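This is start-v8.tsv. It holds TSV, C-alpha atoms.
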chain	number	residue	atom	x	y	z
A	1	MET	CA	0.00	0.00	0.00
A	2	ASP	CA	2.86	2.40	0.77
A	3	GLN	CA	4.17	1.98	-2.80
A	4	CYS	CA	0.71	2.76	-4.18
A	5	LEU	CA	0.37	5.92	-2.11
A	6	ALA	CA	3.89	7.07	-3.00
A	7	ALA	CA	3.21	6.52	-6.72
A	8	LEU	CA	-0.15	8.31	-6.47
A	9	GLU	CA	1.46	11.26	-4.68
A	10	LYS	CA	4.26	11.45	-7.24
A	11	GLN	CA	1.80	11.34	-10.15
A	12	PHE	CA	-0.42	14.00	-8.56
A	13	CYS	CA	2.54	16.35	-8.09
A	14	GLU	CA	2.95	16.31	-11.89
A	15	GLU	CA	-0.75	16.82	-12.67
A	16	PRO	CA	-1.01	19.98	-14.83
A	17	TYR	CA	-4.47	20.98	-13.61
A	18	ALA	CA	-3.52	20.82	-9.92
A	19	LYS	CA	-0.44	22.93	-10.67
A	20	ILE	CA	-2.62	25.70	-12.15
A	21	PHE	CA	-4.35	26.08	-8.78
A	22	GLY	CA	-1.31	25.35	-6.63
A	23	ILE	CA	-3.04	22.38	-4.99
A	24	GLU	CA	-0.69	20.37	-2.77
A	25	ILE	CA	-1.00	17.17	-0.76
A	26	ALA	CA	-0.78	17.55	3.03
A	27	GLU	CA	-1.70	13.93	3.92
A	28	ILE	CA	-2.68	10.79	2.06
A	29	GLU	CA	-3.59	7.31	3.22
A	30	ALA	CA	-6.01	4.65	2.02
A	31	GLY	CA	-9.48	6.20	1.90
A	32	HIS	CA	-8.37	9.59	3.22
A	33	ALA	CA	-6.67	12.65	1.74
A	34	VAL	CA	-5.96	16.21	2.88
A	35	LEU	CA	-4.98	18.83	0.30
A	36	LYS	CA	-4.25	22.56	0.52
A	37	MET	CA	-4.77	25.45	-1.87
A	38	LYS	CA	-3.99	29.14	-1.33
A	39	THR	CA	-6.54	31.44	-2.96
A	40	SER	CA	-5.38	34.29	-5.16
A	41	GLU	CA	-6.84	37.15	-7.20
A	42	LYS	CA	-6.53	34.97	-10.32
A	43	MET	CA	-9.25	32.75	-8.80
A	44	ASN	CA	-11.74	35.59	-8.20
A	45	ASN	CA	-15.19	35.88	-9.73
A	46	LEU	CA	-16.85	39.14	-10.81
A	47	PHE	CA	-17.70	39.92	-7.17
A	48	GLY	CA	-14.03	39.85	-6.13
A	49	THR	CA	-14.38	36.62	-4.14
A	50	THR	CA	-12.98	33.15	-4.86
A	51	HIS	CA	-14.89	31.52	-7.71
A	52	GLY	CA	-16.85	28.40	-6.82
A	53	ALA	CA	-15.04	26.54	-9.61
A	54	ALA	CA	-11.71	27.11	-7.83
A	55	ILE	CA	-13.15	25.69	-4.61
A	56	PHE	CA	-14.60	22.79	-6.62
A	57	SER	CA	-11.15	22.15	-8.10
A	58	LEU	CA	-9.79	21.60	-4.59
A	59	VAL	CA	-12.72	19.29	-3.80
A	60	ASP	CA	-12.30	17.33	-7.03
A	61	ALA	CA	-8.56	16.82	-6.44
A	62	THR	CA	-9.29	15.68	-2.88
A	63	PHE	CA	-11.94	13.29	-4.21
A	64	GLU	CA	-9.54	11.99	-6.87
A	65	LEU	CA	-6.87	11.06	-4.33
A	66	THR	CA	-9.28	9.70	-1.72
A	67	VAL	CA	-10.96	7.18	-4.04
A	68	ASN	CA	-7.87	6.19	-6.03
A	69	SER	CA	-5.80	5.53	-2.91
A	70	HIS	CA	-6.46	1.78	-3.03
A	71	GLY	CA	-4.49	1.25	-6.25
A	72	THR	CA	-7.37	0.74	-8.67
A	73	VAL	CA	-8.97	3.30	-10.98
A	74	ALA	CA	-12.05	5.04	-9.58
A	75	VAL	CA	-14.07	7.60	-11.54
A	76	ALA	CA	-16.76	10.06	-10.46
A	77	LEU	CA	-20.42	9.07	-10.67
A	78	SER	CA	-21.98	11.87	-8.64
A	79	VAL	CA	-20.90	15.04	-6.86
A	80	ASN	CA	-23.22	17.06	-4.62
A	81	MET	CA	-21.57	20.36	-3.68
A	82	ASN	CA	-22.70	22.87	-1.03
A	83	TYR	CA	-21.03	26.29	-0.74
A	84	LEU	CA	-21.42	27.73	2.76
A	85	ASN	CA	-18.94	30.62	3.19
A	86	ALA	CA	-16.64	32.62	0.94
A	87	PRO	CA	-12.90	32.29	1.53
A	88	LEU	CA	-10.98	35.37	2.58
A	89	PRO	CA	-8.59	36.89	0.01
A	90	GLY	CA	-5.29	34.99	0.00
A	91	GLU	CA	-6.59	32.37	2.43
A	92	CYS	CA	-5.14	28.87	2.45
A	93	LEU	CA	-7.99	26.35	2.12
A	94	ARG	CA	-7.88	22.78	3.40
A	95	GLY	CA	-9.78	20.03	1.59
A	96	GLU	CA	-10.29	16.79	3.50
A	97	GLY	CA	-11.82	13.69	1.98
A	98	ARG	CA	-12.89	10.53	3.79
A	99	GLU	CA	-14.29	7.40	2.29
A	100	ILE	CA	-17.38	6.69	4.36
A	101	ASN	CA	-18.36	3.50	2.54
A	102	ARG	CA	-16.58	1.30	0.00
A	103	SER	CA	-17.80	-1.76	-1.81
A	104	ARG	CA	-16.30	-3.70	-4.68
A	105	LYS	CA	-17.79	-1.23	-7.21
A	106	ILE	CA	-18.82	1.95	-5.37
A	107	SER	CA	-17.05	4.41	-3.08
A	108	ALA	CA	-18.95	7.06	-1.12
A	109	CYS	CA	-16.98	10.02	0.26
A	110	GLN	CA	-17.55	13.06	2.43
A	111	ILE	CA	-15.36	16.03	1.55
A	112	SER	CA	-15.09	19.29	3.47
A	113	VAL	CA	-13.26	22.52	2.72
A	114	THR	CA	-12.27	24.70	5.64
A	115	GLY	CA	-10.62	28.08	5.98
A	116	GLU	CA	-7.54	28.88	8.04
A	117	ASP	CA	-9.67	29.56	11.12
A	118	GLY	CA	-11.48	26.22	10.74
A	119	ARG	CA	-14.78	27.65	9.46
A	120	LEU	CA	-16.59	25.51	6.93
A	121	ILE	CA	-16.33	26.87	3.38
A	122	ALA	CA	-17.96	23.96	1.51
A	123	THR	CA	-19.13	20.39	1.91
A	124	CYS	CA	-19.49	17.71	-0.71
A	125	GLN	CA	-20.89	14.20	-0.95
A	126	THR	CA	-19.51	12.05	-3.76
A	127	LEU	CA	-19.89	8.64	-5.34
A	128	ALA	CA	-17.23	6.95	-7.46
A	129	TYR	CA	-17.32	3.84	-9.60
A	130	ARG	CA	-14.43	1.53	-8.74
A	131	LYS	CA	-13.05	-0.21	-11.81
A	132	LYS	CA	-10.99	-3.38	-11.70
A	133	ASP	CA	-8.06	-1.72	-13.55
A	134	LYS	CA	-4.91	-0.93	-11.61
A	135	LEU	CA	-3.73	2.66	-11.67
A	136	PRO	CA	-1.75	2.95	-14.94
A	137	PHE	CA	1.38	4.34	-13.26
A	138	LEU	CA	1.79	1.46	-10.77
Written form, structure tokens:
Amino acid sequence: MDQCLAALEKQFCEEPYAKIFGIEIAEIEAGHAVLKMKTSEKMNNLFGTTHGAAIFSLVDATFELTVNSHGTVAVALSVNMNYLNAPLPGECLRGEGREINRSRKISACQISVTGEDGRLIATCQTLAYRKKDKLPFL
């Protein structure tokens, strides 16, 4: 399992999309991931606050690592996102994903995004389809 997590972390560090947003791994283990992303003006919407798509990008990356942490390919089936508070300008956000149920074919996760002071920015419930294929970079 350690080899799988190391390979997943290495591959994620090279992911072009995550680099655009500066998303970094803080922790990863089977069925659990914590990522961080610092907001910037480049992520702002027309109201001068962080765009929901930027927050969703952190959630999606957290989801990606949480469900693929077992060494087999998992792909999104459903994502239910709730935005609760706007991040402060330049705030470092923390995305935490936990697998709350896993079967042979389905993974259900709870993902939360919090601000530096611990306030809840967003919550998300997700479902992933777990394929039989090993991650291609293992």
Each segment 44-65 of chain A residue no farther than 9 Å from segment 14-26 of chain A, nearest pair in Å, only C-alpha atoms, as a Markdown table:
| residue | atom | partner | partner_atom | distance |
| --- | --- | --- | --- | --- |
| A:Ala54 | CA | A:Phe21 | CA | 7.5 |
| A:Ser57 | CA | A:Phe21 | CA | 7.9 |
| A:Leu58 | CA | A:Ile23 | CA | 6.8 |
| A:Ala61 | CA | A:Ala18 | CA | 7.3 |
| A:Thr62 | CA | A:Ile25 | CA | 8.7 |
* Asked: Any idea what's packed within 9 Å of Phe63 of chain A, counting all atoms listed in the file, ignoring anything in its chain fewer than 4 positions away? Could you give it as a list in words?
  ->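 Residues meeting the cut-off are Ala33, Leu58, Val59, Val67, Asn68, Ala76, Glu96, Gly97, Arg98, Cys109, Gln110, Ile111, Thr126 and Ala128 of chain A.
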* **Residue among A:Phe137, A:Arg104, A:Gly48, A:Lys132 lying closest to Phe12 of chain A, counting all atoms listed in the file** => A:Phe137
* **Two-atom distance - atom CA of Thr49 of chain A, atom CA of Leu127 of chain A (Å)** =>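 Atom-to-atom, atom CA of Thr49 of chain A to atom CA of Leu127 of chain A, that is 28.5 Å.
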* Structure fact -> For Lys38 of chain A, the closest of A:Gly95, A:Gly118, A:Gly90, A:Gly52 counting all atoms listed in the file is A:Gly90
* **Nearest-residue call for Leu84 of chain A, choices A:Glu99, A:Ile55, A:Ser69, A:Glu29, using all atoms listed in the file** =>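 Looking only at the distances to Leu84 of chain A, the closest residue turns out to be A:Ile55.
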* **Proximity to Ile28 of chain A - best of A:Met1, A:Ala53, A:Ile106, A:Met43, all atoms listed in the file** => A:Met1
